[in-house]
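A.B. asks: So that we are looking at the same thing, I have put the structure below in structure tokens.
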Amino acid sequence: MRLQNLFLVFALTVLAPLGLSAQTVRVIFSTGKADIQAPGEANLHPITKGEVITLGTRIVTGADGRVALTPMPGVKSLISPNSDLIVEKASETKATDGTTITAATLNLKQGAIVTDLIKQEGVTYDYNIRTPRGLAGARGTNYTVNVNANGIETILVSHGTISFTLLDGRQLAITAGQINITDVTGAVRSAAKLSDLSADDQALAQSVANSTLTALESATAAGITINPEAVSQALDLMQSFGIDTSGTNLAPVTTAPTSSDTQSGNNKEASNILPPIDQFQSFIANLTQTQKDTLAEILTRGGFDQNDPGFRLLFTHPQFRENLIAIVDLYAPLSTTQRQLFFNLGILGDANLTAVGTDTAGLTRLV
């Protein structure tokens, strides 16, 4: 069988419908030890970037394992090491007014999920993380849900507000800047600073805060677009808690007045202003013409907004820039059919450059 035909067979196999109703859940990033077990499968097996996850699939990460999912448009679910969860729900329906209603639920048994949700126009979101302690739902936010080995749940909200429904029916609203801890008895402790918590709870909060920063940093370095405002607020939150953030490579997005604001005398900060040192333009300037043309095609076909601060923020990471060049050089000599598979599998596209940092030798063997 010709190479091209083998390539197409592989693509069709991976992309075949897997029982999801309209909305699909796809793996956009994976590193370290990360396994899945679909319904009906006897054993766990390594997860594959780009694959579509069927409902009821279990995902387990090891001590160095990280996985990023897109359970619904505009949502990135960043799964931390030593996590165990089940993809419970994913659906998409149309309301009578023409708006789209997307819903997804991840059932977290243990570990942590950091969620970054950027609401899209005309879409109603129903995104939830179920835990042994209750249901944490978001409508437009960045937050972390953690369940430790003892069954104690910690929720840290960096941006926006989430609703938390406990098993006994109690409902709580947790806003940005709050830590919520629920133990196995259902007792709840909330705080806006570490000093308001006991020593044991402070240790929990510190651990979840570190997990949040590491997840955001790993996702950004891997080419996943994260809401820059959420990154800035997460850093501000950690600092307000008295948590040291000097060890992270994350940096808040620099803001400045727009030209129209300056002319009108309104100097309010705008969250969509690009960093003063534009690493993206510097990166482009150092490419060969072939590399420039190839990257331009990737960005156009992938639907990337080059003026998005979150996109520009990726280029502040030296390792990301180096890995992106490797992907561009791999992509350049491919045929049209081979190039399309990268987008079909979600390795490139959907506003994520998640091929960056992967095993380029393995991708070469694939094509």
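Labeling convention for the structure tokens: chains A, B, ... as they appear, residues from 1 per chain, ligands from 1 in order of appearance.
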Excluding same-chain residues fewer than 5 positions from segment 130-138 of chain A, what lies within 9 Å of it counting only C-alpha atoms, as number ranges by chain?
C.D. replies: A: 88, 105-110, 115, 117, 125, 143, 145-147, 151-153, 155, 160-169, 182-186
A.B. asks: Check the DSSP output for the backbone and give back, as a PyMOL selection string, the residues of segment 53-243 of chain A in strand (DSSP E).
C.D. replies: chain A and resi 53+58-61+66-70+75-79+84-94+100-117+123-131+134-138+142-147+153-159+161-166+171-175+179-182+188-191
A.B. asks: Between A:Gln37, A:Arg312, A:Arg301, A:Gly223, which has the minimum distance to Ile327 of chain A (counting only C-alpha atoms)?
C.D. replies: A:Gly223
A.B. asks: Select, from A:Leu78, A:Ala222, A:Lys33, A:Pro46, the residue with the minimum atom-to-atom distance to Ala63 of chain A, counting only C-alpha atoms.
C.D. replies: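 Among A:Leu78, A:Ala222, A:Lys33, A:Pro46, it is A:Lys33 that comes nearest to Ala63 of chain A.
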A.B. asks: Could you jot down the atom CA of Ala191 of chain A to atom CA of Asn128 of chain A separation for me, Å, one decimal place?
C.D. replies: 22.2 Å
A.B. asks: In Å, how far is it from atom CA of Gly302 of chain A to atom CA of Thr93 of chain A?
C.D. replies: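 Between these atoms lies a distance of 24.7 Å.
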A.B. asks: Could you tell me how far atom CA of Val75 of chain A lies from atom CA of Ala112 of chain A, in Å and to one decimal?
C.D. replies: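 These atoms are spaced 15.8 Å apart.
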